[in-house]
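Enquirer: Enclosed is the structure file coords.tsv (TSV, C-alpha atoms and all ligand atoms).
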```tsv
chain	number	residue	atom	x	y	z
A	257	MET	CA	130.00	90.81	126.38
A	258	LYS	CA	131.25	94.22	127.43
A	259	PRO	CA	128.88	97.22	127.52
A	260	LEU	CA	128.89	99.61	124.60
A	261	ARG	CA	130.85	102.73	125.57
A	262	LYS	CA	132.68	103.80	122.45
A	263	VAL	CA	131.79	105.28	119.08
A	264	VAL	CA	133.98	105.86	116.04
A	265	LEU	CA	133.25	108.98	113.98
A	266	PRO	CA	135.17	108.89	110.69
A	267	VAL	CA	135.83	112.49	109.65
A	268	ALA	CA	138.91	112.14	107.45
A	269	GLY	CA	137.19	112.01	104.05
A	270	LEU	CA	137.70	114.52	101.25
A	271	GLY	CA	134.19	115.99	101.18
A	272	SER	CA	134.59	116.45	97.44
A	273	ARG	CA	130.84	116.65	96.70
A	274	PHE	CA	130.69	119.92	98.63
A	275	LEU	CA	133.61	121.72	97.00
A	276	PRO	CA	134.39	124.60	97.10
A	277	ALA	CA	132.68	124.93	100.54
A	278	THR	CA	134.88	122.12	101.87
A	279	LYS	CA	138.19	123.44	100.55
A	280	ALA	CA	139.16	124.96	103.92
A	281	ILE	CA	136.21	123.85	106.11
A	282	PRO	CA	135.60	120.17	106.88
A	283	LYS	CA	132.29	118.87	105.52
A	284	GLU	CA	131.41	117.72	109.06
A	285	MET	CA	131.59	121.38	110.21
A	286	LEU	CA	128.94	122.59	107.76
A	287	PRO	CA	126.05	123.91	109.85
A	288	VAL	CA	122.46	122.77	109.67
A	289	VAL	CA	120.61	125.81	111.06
A	290	ASP	CA	123.03	126.75	113.88
A	291	LYS	CA	125.05	123.63	114.72
A	292	PRO	CA	127.73	121.86	112.72
A	293	LEU	CA	126.78	118.36	111.53
A	294	ILE	CA	129.33	116.76	113.83
A	295	GLN	CA	127.71	118.31	116.91
A	296	TYR	CA	124.34	116.67	116.16
A	297	ILE	CA	126.18	113.36	116.00
A	298	VAL	CA	128.10	113.87	119.26
A	299	GLU	CA	124.82	114.80	120.99
A	300	GLU	CA	123.11	111.68	119.62
A	301	ALA	CA	126.00	109.55	120.90
A	302	ALA	CA	125.98	111.18	124.33
A	303	GLU	CA	122.21	110.68	124.67
A	304	ALA	CA	122.69	107.01	123.81
A	305	GLY	CA	125.05	106.65	126.79
A	306	ILE	CA	128.33	106.63	124.85
A	307	THR	CA	131.24	107.98	126.88
A	308	ASP	CA	134.22	107.74	124.48
A	309	ILE	CA	133.99	109.47	121.12
A	310	ILE	CA	136.82	108.60	118.77
A	311	LEU	CA	137.30	111.00	115.88
A	312	VAL	CA	139.23	109.48	112.99
A	313	THR	CA	140.59	112.66	111.53
A	314	HIS	CA	143.16	114.20	109.19
A	315	SER	CA	145.63	117.07	109.50
A	316	ASP	CA	143.39	119.27	107.29
A	317	LYS	CA	140.47	118.83	109.68
A	318	SER	CA	141.70	120.35	112.92
A	319	ALA	CA	138.62	122.63	112.98
A	320	ILE	CA	136.62	119.62	114.22
A	321	GLU	CA	138.88	119.01	117.23
A	322	ASN	CA	138.97	122.75	117.91
A	323	HIS	CA	135.17	122.87	117.94
A	324	PHE	CA	135.10	120.47	120.91
A	325	ASP	CA	138.00	122.12	122.72
A	326	LYS	CA	137.92	125.02	125.17
A	327	ARG	CA	138.57	128.56	123.91
A	328	PHE	CA	139.63	130.46	126.98
A	329	GLU	CA	139.98	133.89	125.28
A	330	LEU	CA	136.46	133.66	123.83
A	331	GLU	CA	135.07	132.54	127.20
A	332	SER	CA	136.70	135.36	129.14
A	333	GLU	CA	135.59	137.89	126.53
A	334	LEU	CA	131.98	136.67	126.74
A	335	ILE	CA	132.15	136.84	130.57
A	336	ARG	CA	133.62	140.36	130.39
A	337	ARG	CA	130.72	141.45	128.14
A	338	GLY	CA	128.12	139.73	130.38
A	339	LYS	CA	126.95	137.45	127.53
A	340	THR	CA	126.18	134.44	129.72
A	341	ASP	CA	123.60	132.98	127.33
A	342	LEU	CA	126.21	132.80	124.54
A	343	LEU	CA	128.76	131.45	127.00
A	344	GLN	CA	126.41	128.60	127.83
A	345	LEU	CA	125.92	127.81	124.13
A	346	LYS	CA	129.67	127.80	123.58
A	347	ARG	CA	130.35	125.55	126.56
A	348	SER	CA	127.63	123.10	125.62
A	349	THR	CA	129.39	121.90	122.43
A	350	THR	CA	130.86	118.94	124.32
A	351	PRO	CA	128.38	117.08	126.54
A	352	SER	CA	129.85	116.71	130.04
A	353	THR	CA	129.45	112.90	129.97
A	354	VAL	CA	131.77	112.31	127.03
A	355	ARG	CA	135.44	112.59	126.25
A	356	ILE	CA	136.70	113.17	122.75
A	357	ILE	CA	139.72	111.25	121.53
A	358	SER	CA	141.37	111.74	118.13
A	359	VAL	CA	143.31	109.34	115.97
A	360	ARG	CA	144.61	110.07	112.50
A	361	GLN	CA	143.88	108.55	109.12
A	362	PRO	CA	146.80	109.97	107.14
A	363	GLN	CA	145.20	109.19	103.77
A	364	ALA	CA	141.54	108.74	102.83
A	365	LEU	CA	141.79	105.05	101.97
A	366	GLY	CA	138.10	104.35	102.56
A	367	LEU	CA	135.54	104.09	105.35
A	368	GLY	CA	136.70	100.60	106.34
A	369	HIS	CA	140.27	101.85	106.66
A	370	ALA	CA	139.09	104.85	108.72
A	371	VAL	CA	137.34	102.51	111.19
A	372	LEU	CA	140.46	100.33	111.39
A	373	CYS	CA	142.53	103.40	112.34
A	374	ALA	CA	140.54	103.50	115.62
A	375	GLU	CA	141.55	99.95	116.58
A	376	PRO	CA	144.19	100.93	119.20
A	377	VAL	CA	141.53	102.91	121.11
A	378	ILE	CA	138.72	100.37	120.66
A	379	GLY	CA	140.70	97.34	121.87
A	380	ASP	CA	138.57	94.32	122.65
A	381	GLU	CA	135.24	96.13	123.03
A	382	PRO	CA	132.06	96.46	121.01
A	383	PHE	CA	131.67	99.88	119.44
A	384	ALA	CA	129.36	101.98	117.31
A	385	VAL	CA	130.18	103.74	114.05
A	386	MET	CA	128.20	106.84	113.09
A	387	LEU	CA	128.60	108.58	109.75
A	388	PRO	CA	128.82	112.25	110.69
A	389	ASP	CA	127.17	113.45	107.50
A	390	VAL	CA	124.01	111.40	108.09
A	391	LEU	CA	121.54	113.12	110.41
A	392	MET	CA	118.85	110.89	111.89
A	393	TYR	CA	115.76	112.55	113.29
A	394	HIS	CA	113.32	110.88	115.65
A	395	PRO	CA	110.84	112.85	117.76
A	396	GLN	CA	111.23	110.66	120.86
A	397	ARG	CA	114.30	108.41	121.00
A	398	ASN	CA	117.28	108.93	118.77
A	399	CYS	CA	118.52	106.22	116.41
A	400	LEU	CA	121.64	105.17	118.33
A	401	THR	CA	119.72	104.98	121.63
A	402	GLN	CA	117.28	102.54	120.03
A	403	MET	CA	120.13	100.52	118.50
A	404	VAL	CA	121.90	100.25	121.87
A	405	GLU	CA	118.69	98.78	123.32
A	406	VAL	CA	118.72	96.12	120.58
A	407	TYR	CA	122.42	95.48	121.16
A	408	ASN	CA	121.83	95.02	124.91
A	409	ARG	CA	119.40	92.20	124.07
A	410	THR	CA	121.31	90.49	121.24
A	411	HIS	CA	125.01	91.25	121.88
A	412	THR	CA	125.54	91.04	118.12
A	413	SER	CA	126.46	93.54	115.45
A	414	ILE	CA	123.49	95.73	114.46
A	415	ILE	CA	123.01	97.76	111.28
A	416	ALA	CA	120.53	100.62	110.95
A	417	LEU	CA	118.19	100.16	108.01
A	418	GLU	CA	115.63	102.40	106.44
A	419	GLU	CA	112.87	101.73	103.90
A	420	VAL	CA	113.41	103.43	100.56
A	421	ASN	CA	111.25	103.59	97.44
A	422	PRO	CA	111.93	100.49	95.32
A	423	GLU	CA	112.97	102.68	92.37
A	424	ASP	CA	115.68	104.26	94.57
A	425	VAL	CA	117.46	101.05	95.65
A	426	LYS	CA	120.16	101.58	93.02
A	427	LYS	CA	121.43	104.61	94.99
A	428	TYR	CA	122.15	102.70	98.24
A	429	GLY	CA	123.70	99.68	99.92
A	430	ILE	CA	120.75	97.31	100.33
A	431	ALA	CA	120.43	94.59	102.98
A	432	ASP	CA	119.16	91.07	102.40
A	433	VAL	CA	117.19	90.28	105.58
A	434	LYS	CA	115.47	87.13	106.82
A	435	GLY	CA	112.58	86.80	109.28
A	436	ASN	CA	110.82	89.25	111.58
A	437	ASP	CA	113.96	89.82	113.62
A	438	LEU	CA	115.71	91.15	110.47
A	439	ARG	CA	118.63	88.79	110.57
A	440	ILE	CA	121.10	89.96	107.92
A	441	ALA	CA	121.82	87.40	105.22
A	442	GLY	CA	123.92	89.65	103.00
A	443	MET	CA	124.17	93.07	101.43
A	444	VAL	CA	124.40	94.39	97.89
A	445	GLU	CA	125.86	97.73	96.85
A	446	LYS	CA	123.52	99.79	94.59
A	447	PRO	CA	121.53	96.94	92.97
A	448	GLU	CA	119.16	97.31	90.04
A	449	VAL	CA	115.55	97.28	91.20
A	450	ASP	CA	114.88	93.76	89.83
A	451	GLN	CA	117.98	92.39	91.58
A	452	ALA	CA	117.53	94.07	94.97
A	453	PRO	CA	116.98	91.61	97.84
A	454	SER	CA	114.77	94.17	99.66
A	455	ASN	CA	114.07	97.91	99.80
A	456	LEU	CA	115.97	98.31	103.09
A	457	SER	CA	118.97	100.60	102.74
A	458	ILE	CA	121.95	100.72	105.11
A	459	VAL	CA	121.96	104.19	106.70
A	460	GLY	CA	125.02	105.36	108.56
A	461	ARG	CA	124.67	103.88	112.06
A	462	TYR	CA	126.30	100.59	113.03
A	463	ILE	CA	127.18	98.65	116.16
A	464	PHE	CA	129.98	96.13	115.79
A	465	THR	CA	131.51	93.36	117.84
A	466	PRO	CA	135.32	93.79	118.02
A	467	ARG	CA	135.83	91.00	115.48
A	468	ILE	CA	135.16	93.47	112.66
A	469	MET	CA	138.62	94.95	113.35
A	470	GLU	CA	140.32	91.58	112.75
A	471	ILE	CA	138.42	91.33	109.48
A	472	LEU	CA	139.21	94.90	108.43
A	473	ARG	CA	142.92	94.17	108.88
A	474	GLU	CA	142.62	91.53	106.16
A	475	THR	CA	140.17	93.40	103.90
A	476	GLN	CA	141.63	94.27	100.51
A	477	PRO	CA	140.73	97.46	98.63
A	478	GLY	CA	137.40	97.01	96.84
A	479	SER	CA	135.21	99.37	94.87
A	480	GLY	CA	136.95	102.68	94.00
A	481	GLY	CA	140.26	101.22	95.30
A	482	GLU	CA	139.08	101.93	98.88
A	483	ILE	CA	138.89	99.59	101.87
A	484	GLN	CA	135.13	99.23	102.15
A	485	LEU	CA	133.32	98.74	105.45
A	486	THR	CA	130.57	96.85	103.58
A	487	ASP	CA	133.09	94.22	102.38
A	488	ALA	CA	134.20	93.64	105.99
A	489	MET	CA	130.56	93.43	107.15
A	490	GLN	CA	129.86	90.82	104.50
A	491	ALA	CA	132.89	88.82	105.69
A	492	LEU	CA	131.79	89.16	109.35
A	493	LEU	CA	128.58	87.29	108.45
A	494	GLU	CA	130.66	84.14	107.95
A	495	TYR	CA	131.51	84.15	111.67
A	496	GLU	CA	128.67	85.90	113.50
A	497	VAL	CA	125.01	86.75	113.22
A	498	MET	CA	124.11	90.35	112.57
A	499	PHE	CA	120.70	91.98	112.84
A	500	GLY	CA	119.12	94.93	111.10
A	501	PHE	CA	117.41	97.68	113.04
A	502	LEU	CA	114.59	99.33	111.10
A	503	PHE	CA	114.70	103.04	111.92
A	504	ASP	CA	111.26	104.64	111.88
A	505	GLY	CA	112.42	108.26	111.90
A	506	ILE	CA	113.82	110.38	109.08
A	507	SER	CA	117.40	110.29	107.81
A	508	TYR	CA	119.15	113.06	105.88
A	509	ASP	CA	122.26	112.37	103.82
A	510	CYS	CA	123.95	115.71	104.37
A	511	GLY	CA	127.01	114.65	102.34
A	512	ASP	CA	124.77	115.23	99.36
A	513	LYS	CA	123.43	118.69	98.45
A	514	GLN	CA	119.79	117.61	98.17
A	515	GLY	CA	119.86	115.89	101.60
A	516	PHE	CA	121.68	118.84	103.16
A	517	LEU	CA	119.07	121.31	101.87
A	518	GLN	CA	116.19	119.13	103.07
A	519	ALA	CA	117.78	118.87	106.52
A	520	THR	CA	118.23	122.63	106.69
A	521	VAL	CA	114.59	123.33	105.87
A	522	GLU	CA	113.12	120.62	108.09
A	523	PHE	CA	115.36	121.33	111.11
A	524	ALA	CA	114.52	125.04	110.79
A	525	LEU	CA	110.81	124.16	110.78
A	526	ARG	CA	111.34	122.14	113.99
A	527	ASP	CA	113.33	124.88	115.73
A	528	LYS	CA	111.11	126.53	118.32
A	529	HIS	CA	112.78	129.94	117.93
A	530	LEU	CA	112.75	129.97	114.13
A	531	SER	CA	109.79	127.95	113.00
A	532	ASP	CA	107.01	130.57	113.14
A	533	ASP	CA	108.81	133.21	111.08
A	534	PHE	CA	110.39	130.67	108.76
A	535	ARG	CA	107.06	128.93	108.13
A	536	ARG	CA	105.40	132.30	107.47
A	537	TRP	CA	107.97	132.97	104.75
A	538	LEU	CA	108.17	129.41	103.39
A	539	LYS	CA	104.46	128.71	102.88
A	540	PRO	CA	103.70	131.37	100.25
A	541	PHE	CA	107.14	130.85	98.72
A	542	ALA	CA	106.50	127.11	98.27
A	543	ALA	CA	102.92	127.69	97.08
A	544	ALA	CA	104.19	129.99	94.33
A	545	LEU	CA	106.55	127.32	92.96
A	546	ASP	CA	105.31	125.47	89.91
B	1	LIG	P1	131.75	109.91	102.41
B	1	LIG	O1	132.22	109.13	101.25
B	1	LIG	O2	130.32	110.31	102.47
B	1	LIG	O3	132.57	111.25	102.60
B	1	LIG	O4	132.16	109.16	103.75
B	1	LIG	P2	133.71	111.94	101.79
B	1	LIG	O5	134.58	110.95	101.11
B	1	LIG	O6	134.35	112.90	102.73
B	1	LIG	O7	132.83	112.81	100.76
B	1	LIG	P3	132.81	112.91	99.19
B	1	LIG	O8	132.20	111.62	98.70
B	1	LIG	O9	134.24	113.11	98.74
B	1	LIG	O10	131.95	114.10	98.95
B	1	LIG	C1	131.35	109.13	104.93
B	1	LIG	C2	132.17	109.58	106.13
B	1	LIG	O11	133.36	108.81	106.23
B	1	LIG	C3	134.50	109.64	106.33
B	1	LIG	C4	134.08	110.99	105.73
B	1	LIG	O12	134.81	112.06	106.36
B	1	LIG	C5	132.59	111.05	106.02
B	1	LIG	O13	132.31	111.69	107.24
B	1	LIG	N1	135.63	109.00	105.61
B	1	LIG	C6	135.47	108.54	104.33
B	1	LIG	C7	136.84	108.89	106.25
B	1	LIG	O14	137.00	109.30	107.43
B	1	LIG	N2	137.89	108.34	105.59
B	1	LIG	C8	137.78	107.86	104.32
B	1	LIG	O15	138.78	107.34	103.78
B	1	LIG	C9	136.53	107.96	103.69
```
Mind turning this structure into structure tokens?

Expert:
Amino acid sequence: MKPLRKVVLPVAGLGSRFLPATKAIPKEMLPVVDKPLIQYIVEEAAEAGITDIILVTHSDKSAIENHFDKRFELESELIRRGKTDLLQLKRSTTPSTVRIISVRQPQALGLGHAVLCAEPVIGDEPFAVMLPDVLMYHPQRNCLTQMVEVYNRTHTSIIALEEVNPEDVKKYGIADVKGNDLRIAGMVEKPEVDQAPSNLSIVGRYIFTPRIMEILRETQPGSGGEIQLTDAMQALLEYEVMFGFLFDGISYDCGDKQGFLQATVEFALRDKHLSDDFRRWLKPFAAALD
């Protein structure tokens, strides 16, 4: 099995839950504290040893490609003004160990379709998929790094899972898992609590063997008329084993306003430059809430 070098970042969605903010700005460019969501994801991928980052993008979303490109005028202006600290921040948007490649998804036909659009660049290699609006925080080793370690042992597809409150299972895709090694037996989209096979939700980080692309080519539109990645994952189980990886950090669904706000507050509290002042303001503010 080939080593894992590539990640697909689907960024061609409509971002409709964040309108009007996302009318002219891609959802993936919304900042949490001082970095756009997509930059957290690229940094997580780079730390996990990924070298090729494939953005599946749309003509309305060129701001994302621009963010990772050079801006010579801005650089020379910052040099002229002696602002070397800002220059360093600007240059550090793209980690030096990665290259960014873009492919287009002309129409938002679903997450499965977006992944399939990357097939010409993926070829016959295993690859990761990271949802750019899901931030995963871990104080020591990031989520994808830990998943790559599992992949290097199993050489199978791996899905990140997270425990959720049983009453919340109806909001998520839930995995049916068997045994201590979390072998995936199936998955159910938004089940009722009494029909849920577990309380383990599928959370936005995946590693796939290349066979998923063959399956996606044949996958018909499912729920919402979109080509669903979950349908292809379910079909992959007929050919290959797949394991869950139970993430023990915190995930934030930043495609949703509540998750985005929680991420903003918690990342600010973890930021060494901001946390003291922010905490000093937040504590009495929160205590005064009823
Ligand atoms: P979401 O469903 O969360 O994003 O897809 P969305 O469709 O942009 O947002 P809403 O629901 O309208 O608010 C998760 C990720 O998959 C990408 C999105 O850009 C997002 O980063 N995606 C989704 C695609 O690239 N193509 C698609 O057809 C669908």

Enquirer: Ranking A:Leu330, A:Ile471, A:Ala319, A:Val385 by minimum distance to ligand LIG 1 (chain B) and counting all atoms listed in the file, which one comes first?

Expert: A:Val385

Enquirer: So, with all atoms listed in the file as the atoms that count, which of A:Arg535, A:Thr486, A:Met403, A:Asn408 lies closest to Gly442 of chain A?

Expert: A:Thr486

Enquirer: Step by step, measure atom-to-atom distances between ligand LIG 1 (chain B) and each residue using only C-alpha atoms and all ligand atoms, keep those at most 9 Å, then write them as an MDAnalysis selection string.

Expert: chainID A and resid 265:275 282:284 294 311:314 361 363:371 386:390 460 482:484 509:512

Enquirer: One decimal, in Å: what's the spacing between atom CA of Ala441 of chain A and atom CA of His411 of chain A?

Expert: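 Taking atom CA of Ala441 of chain A and atom CA of His411 of chain A, their separation equals 17.4 Å.
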
Enquirer: To one decimal in Å, tell me the separation between atom CA of Pro362 of chain A and atom CA of Ile309 of chain A.

Expert: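 Interatomic distance, atom CA of Pro362 of chain A to atom CA of Ile309 of chain A: 19.0 Å.
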
Enquirer: Please, what distance in Å, to one decimal, runs between atom CA of Arg536 of chain A and atom CA of Asp290 of chain A?

Expert: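 Distance reported for this atom pair: 19.6 Å.
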
Enquirer: Please return, as a ChimeraX atom specification, all polymer residues that have at least one atom within 12 Å of the point (123.9, 118.7, 118.6); use all atoms listed in the file and the file's own coordinate frame.

Expert: /A:285,287-303,324,345-346,348-351,388,391-393,398,523

Enquirer: At a cut-off of 9 Å around the point (138.4, 126.5, 105.5) (file coordinates), what residues fall inside when counting all atoms listed in the file? I'd like the answer as a list of chain:residue names.

Expert: A:Ala277, A:Thr278, A:Lys279, A:Ala280, A:Ile281, A:Pro282, A:Asp316, A:Lys317, A:Ala319

Enquirer: Nearest to Gln344 of chain A: which of A:Pro382, A:Glu331, A:Ala524, A:Asp504 is it, counting only C-alpha atoms?

Expert: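 Under the stated criterion, the closest residue is A:Glu331.
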
Enquirer: Draw an axis-aligned box tight on the listed atoms of segment 341-345 of chain A, then pad every side by 8 Å and write out centre and edge lengths in Å to one decimal as lines of an AutoDock Vina configuration file.

Expert:
```
center_x = 126.2
center_y = 130.4
center_z = 126.0
size_x = 21.2
size_y = 21.2
size_z = 19.7
```

Enquirer: Would you mind telling me which residue in A:Glu329, A:Asp308, A:Glu418, A:Glu375 lies nearest to Met469 of chain A when using only C-alpha atoms?

Expert: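 Counting only C-alpha atoms, the residue closest to Met469 of chain A is A:Glu375.
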
Enquirer: With distances taken over all atoms listed in the file, which residue among A:Val264, A:Arg336, A:Asp487, A:Leu538 lies nearest Thr475 of chain A?

Expert: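 Looking only at the distances to Thr475 of chain A, the closest residue turns out to be A:Asp487.
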
Enquirer: Write out as a VMD selection string which residues come within 9 Å of segment 429-440 of chain A when counting all atoms listed in the file, dropping same-chain ones fewer than 4 positions away.

Expert: chain A and resid 415 417 425 444 to 447 452 to 459 486 493 497 to 502
